[in-house]
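Some notes on the structure that comes next.
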Amino acid sequence: MEKTNKFVIAVYVENKYGVLTRVTSMFTRRGFNIDALTVGETESPEYSRITICMSGDGYAREQLINQLRKLYNVKKVEVIEENSSIKRELALIKIKNSSQTRADVLSAVDVYRAKVIDFTATEMCIEITGDPTKINAFIEYMLPYGILEMCRTGIVALERGEGTLLSKKTKTGVHKQN
Amino acid sequence: MKMTGAEIIINTLIEQGTTDVFGYPGGQVINIYDALYKNRDRINHILTAHEQGAAHAADGYSRATGKVGVCIATSGPGATNLVTGIATAMLDSIPMVAITGNVPCSLIGKDSFQEIDITGITLPITKHNYFVNRIEDLADSIREAFQIAKSGRPGPVLVDVPKDVQVAVYDFEPQGIVEKIPLPKADDASIDEAVALINESKKPYIYIGGGAAGLKMGKEIIELAEKIDACIGCTFMGLSAVPDDYDRFLGMQGMHGHFASSISQKHADLIIGVGVRFSDRATGNTAKFAKGTKIIQLDPDFAEINKNINVDLGIVADVRDSFLRILEKVDKSEKPEWKNEVASYKIKEEEIAEKAAKMAGSRMTPKMVFDVINEYKLPRTIITTDVGQHQMWAAQYSKFDTTRRFVSSGGLGTMGFGLGAAIGARVATNDPTVLITGDGSFGMNLNELATAVTYNVPLVIVLCNNGVLGMVRQWQNLFFGKRFSNTVLERKTDFVKLAEAFGATGMRATNISEFENAFKKAVEINGPVVIDTYIDKDEFVLPMLPPGGSIDDIITEKGDDANGKN
């Protein structure tokens, strides 16, 4: 059995009605299980960018890319390589606030370069941005202090350097099937 | 020129070369039907009995000609009735455009009468689809639909048009027929690699599928077979790409394939796949399929490379171009040993057939029925089928004299496909058309007999009547301890009377001489004919590779205990 890895794929899609549904419907149809998915605007109003995180072997990765490329409205699909990219995620974490734990929590917020964005006598809300592994570590550290509620945005990622995804030549040399 | 949306739809269809459409009117397509009425001298509409029949007819129309088939249905149930037909076309990569009406934009999302999200429903079963909520986008959406349907690996496209868009008025200027989006040409390195693999091969097997059949590549495939001394096998969808009387052609391989074709594929050292997708019905157990055999796959769809089977070389490009370049570059060679080996498999196959014929005794076997059909069918006959045992017998025994002569639901396996498809194929080509069906499948959409009668479409319908759902029964016989759960059709349908009630001709054949007489008469009749043909309920489709098995598990004859009692 081939090893299961986490990987990140960036997809440029036309900014049109129903395109996200086309993408997610394909995941269901082909049996892909996605860890996280983010969608947002890009430098061009014509396109939205979808960032997908998935765990799977090489076969699953190839299939996901090929099936994405087959969709109309999908303009570009590229793997974001681990060692040449910047990945960021944002999390909002609401935890209990009490005089016994406050100092510990605040020092962790400081060490992790997080931010307190809401503060009451009984709770505080922390914003943390960073690489997902950093966020995971912070959450793990916070668990004993009582996490009341939490949400994460999922990853956004860009490749380092001046190159852009849209200008990148598709590696396989295989053109989009029509 | 100013036109209503409905007129733009019809004029765009005409502009794209559509001469025939299949459909059914309804509340949200009245405007489209009004435009059809006004243009009835330019475009022919065939009213089916059910929208599913219209979708299958558009599909059959396309399979027989390669043209884009078109069907029209109203919103809600009209649209959902197309679904099975669209899925059938999708699984077999058939170019088709389905036009549906929908409720006006102001009523969308309000669960209005006959409102359904058909673009949502058909997302996974279309190549692409459109919900056109702006009249400005209407003509171009339909043009794009045609382009997508026929480009690359073909497939169905649906265009959903709300009623207010059909009523709105906008400029329309006719344009030319949209061209297919050209596929890239393969690079020289991969062509050279393919040539090297072929030159090294001592036992090549050219394996052709629906892609090759759709491109009518029979001539080129025969040229390659001659040049490198290869044999040819095909998938179910590849049938009729190469004429059956060509001696290097071994027929269909796979679950119910010819023995010689499947076993030659196993023993080949190189499979040259042309427009094949290695479906589970073709490969059986993928871990055992073509073990130790090198595989080249030529296909327009990159997602098919290494999807089901890992190949040694996948060339994703214009298939005809790649094939012709390979054909030109490969060395001419003779391979007498491989030829002898294949010949020995053919002898084995004949022995199996002879043994089966001896065991059959005097009863009318499917093989005998097809011998008669092959002998008396007219030149250029199109064989259409439904799904089940009769379909596999048709695939095994039918002899095709030219391309696009086999119209059958391969990927989806849609029972009820045949009659609509036969009407579509006949309307498209005016070539003689025979529908092979079973009493189970025919029961699903026999209402289209009314369509065939109304439009006087000549069809010979050979109804293999065994009183059971034969294919499921065969599995129950072999793998479910003869527990014939719900596969015995204790119906009292008199198919001769039924045909007559519809205004068609009905005949009955209880033995082979009756069948011969009936079939000879039927091909001369200018209208639909149903021949109620009695087949024993315990006939098997053989050979058979058991599900999940490989060629090593092939079942070639029916064991003594395989005669079900019920």
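Scheme for the structure tokens: letters A, B, ... for chains in order shown; per-chain residue numbers from 1; ligand numbers from 1 in order shown.
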Could you make a table, as a Markdown table, of the residues of chain A that have an atom within 12 Å of an atom of chain B, each with its nearest atom pair and distance in Å to one decimal, counting only C-alpha atoms, in chain and number order?
| residue | atom | partner | partner_atom | distance |
| --- | --- | --- | --- | --- |
| A:Lys16 | CA | B:Tyr130 | CA | 11.2 |
| A:Tyr17 | CA | B:Phe131 | CA | 9.1 |
| A:Gly18 | CA | B:Gly120 | CA | 8.8 |
| A:Val19 | CA | B:Leu123 | CA | 10.6 |
| A:Leu20 | CA | B:Leu123 | CA | 11.7 |
| A:Thr21 | CA | B:Gly120 | CA | 8.3 |
| A:Arg22 | CA | B:Leu123 | CA | 6.7 |
| A:Val23 | CA | B:Leu123 | CA | 9.8 |
| A:Thr24 | CA | B:Leu123 | CA | 10.4 |
| A:Ser25 | CA | B:Pro124 | CA | 6.9 |
| A:Met26 | CA | B:Pro124 | CA | 6.7 |
| A:Phe27 | CA | B:Pro124 | CA | 10.0 |
| A:Thr28 | CA | B:Pro124 | CA | 9.1 |
| A:Arg29 | CA | B:Pro124 | CA | 6.6 |
| A:Arg30 | CA | B:Pro124 | CA | 9.4 |
| A:Gly58 | CA | B:Asn306 | CA | 11.3 |
| A:Tyr59 | CA | B:Lys307 | CA | 8.2 |
| A:Ala60 | CA | B:Lys307 | CA | 9.6 |
| A:Arg61 | CA | B:Lys307 | CA | 11.4 |
| A:Glu62 | CA | B:Ala303 | CA | 8.5 |
| A:Gln63 | CA | B:Ala303 | CA | 6.8 |
| A:Leu64 | CA | B:Ala303 | CA | 9.2 |
| A:Ile65 | CA | B:Ala303 | CA | 8.7 |
| A:Asn66 | CA | B:Ala303 | CA | 5.0 |
| A:Gln67 | CA | B:Ala303 | CA | 6.2 |
| A:Leu68 | CA | B:Ala303 | CA | 9.4 |
| A:Arg69 | CA | B:Ala303 | CA | 8.6 |
| A:Lys70 | CA | B:Ala303 | CA | 7.7 |
| A:Leu71 | CA | B:His128 | CA | 7.6 |
| A:Tyr72 | CA | B:His128 | CA | 6.7 |
| A:Asn73 | CA | B:His128 | CA | 9.4 |
| A:Val74 | CA | B:His128 | CA | 11.6 |
| A:Thr172 | CA | B:Phe302 | CA | 10.1 |
| A:Gly173 | CA | B:Asp187 | CA | 9.6 |
| A:Val174 | CA | B:Val316 | CA | 7.0 |
| A:His175 | CA | B:Pro184 | CA | 6.8 |
| A:Lys176 | CA | B:Phe302 | CA | 8.4 |
| A:Gln177 | CA | B:Asp301 | CA | 6.0 |
| A:Asn178 | CA | B:Gly152 | CA | 4.9 |
Those residues with C-alpha atoms, as a short mmCIF file (atom, residue, chain, number, x, y, z; two decimals), in the first residue's frame please?
data_model
loop_
_atom_site.label_atom_id
_atom_site.label_comp_id
_atom_site.auth_asym_id
_atom_site.auth_seq_id
_atom_site.Cartn_x
_atom_site.Cartn_y
_atom_site.Cartn_z
CA LYS A 16 -19.75 32.06 -11.85
CA TYR A 17 -23.01 30.79 -10.46
CA GLY A 18 -22.84 27.16 -9.33
CA VAL A 19 -19.15 26.52 -9.91
CA LEU A 20 -18.41 25.55 -6.29
CA THR A 21 -21.28 23.05 -6.49
CA ARG A 22 -19.75 21.54 -9.63
CA VAL A 23 -16.47 21.03 -7.80
CA THR A 24 -17.96 19.61 -4.59
CA SER A 25 -20.46 17.48 -6.49
CA MET A 26 -17.52 15.88 -8.29
CA PHE A 27 -15.90 15.02 -4.92
CA THR A 28 -19.04 13.17 -3.90
CA ARG A 29 -19.41 11.49 -7.26
CA ARG A 30 -15.81 10.23 -7.24
CA GLY A 58 -0.54 9.17 -5.04
CA TYR A 59 -3.40 7.54 -6.93
CA ALA A 60 -6.02 9.62 -5.10
CA ARG A 61 -3.99 12.75 -5.71
CA GLU A 62 -3.68 12.11 -9.45
CA GLN A 63 -7.36 11.26 -9.73
CA LEU A 64 -8.41 14.40 -7.87
CA ILE A 65 -6.28 16.58 -10.12
CA ASN A 66 -7.43 14.88 -13.33
CA GLN A 67 -11.09 14.97 -12.44
CA LEU A 68 -10.82 18.64 -11.42
CA ARG A 69 -9.14 19.50 -14.72
CA LYS A 70 -11.99 17.87 -16.61
CA LEU A 71 -14.56 20.26 -15.20
CA TYR A 72 -15.60 23.19 -17.32
CA ASN A 73 -15.19 26.46 -15.41
CA VAL A 74 -12.00 25.07 -13.88
CA THR A 172 2.26 16.86 -16.93
CA GLY A 173 2.34 18.54 -20.32
CA VAL A 174 -1.15 17.25 -20.80
CA HIS A 175 -3.52 19.88 -22.02
CA LYS A 176 -6.99 20.37 -20.73
CA GLN A 177 -9.33 17.87 -22.22
CA ASN A 178 -12.27 19.29 -24.03
#
**Request:** Name the residues of region 341-472 of chain B that fall into helix (DSSP H, G or I) according to DSSP on the backbone, using the chain letters and numbers of this document, as a PyMOL selection string.
**Result:** chain B and resi 341-360+366-376+389-397+418-429+439-454+470-472
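All residues of protein, DNA or RNA that reach within 10 Å of Thr120 (chain A), judged by only C-alpha atoms and not counting those fewer than 4 positions away in the chain, are Lys96, Asn97, Ser98, Met124 and Cys125 of chain A.
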Generate the output file for the selected residues, C-alpha atoms, as a PDB file, in the first residue's frame.
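Contents of the output file part01.pdb:
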ATOM      1  CA  LYS A  96     -12.899  29.937  29.573  1.00  0.00           C
ATOM      2  CA  ASN A  97     -11.502  32.889  31.434  1.00  0.00           C
ATOM      3  CA  SER A  98     -10.728  32.590  35.109  1.00  0.00           C
ATOM      4  CA  MET A 124     -11.843  35.212  26.034  1.00  0.00           C
ATOM      5  CA  CYS A 125     -11.638  34.860  22.285  1.00  0.00           C
TER       6      CYS A 125
END
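Residues in contact with Arg102 (chain A) at 12 Å, where only C-alpha atoms are counted and same-chain residues fewer than 6 positions away are skipped, are listed as Ile95, Lys96, Ala108, Val109, Val116, Phe119, Thr120, Ala121, Thr122, Glu123, Met124, Met142, Tyr145 and Gly146 of chain A.
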**Request:** From a DSSP calculation on the backbone, collect every residue of region 2-178 of chain A in strand (DSSP E or B) and output the set as an MDAnalysis selection string.
**Result:** chainID A and resid 5:14 34:41 47:56 74:80 85:96 115:119 123:130 147:152 156:159
inquiry  = Residues within 12 Å of Thr384 (chain B), please, as a ChimeraX atom specification. Count only C-alpha atoms; anything in the same chain fewer than 5 positions from it doesn't count.
reply    = /B:56-57,59-61,63-64,239-240,390-392,394-395,398,400,404-410,416-426,432-437,459-463
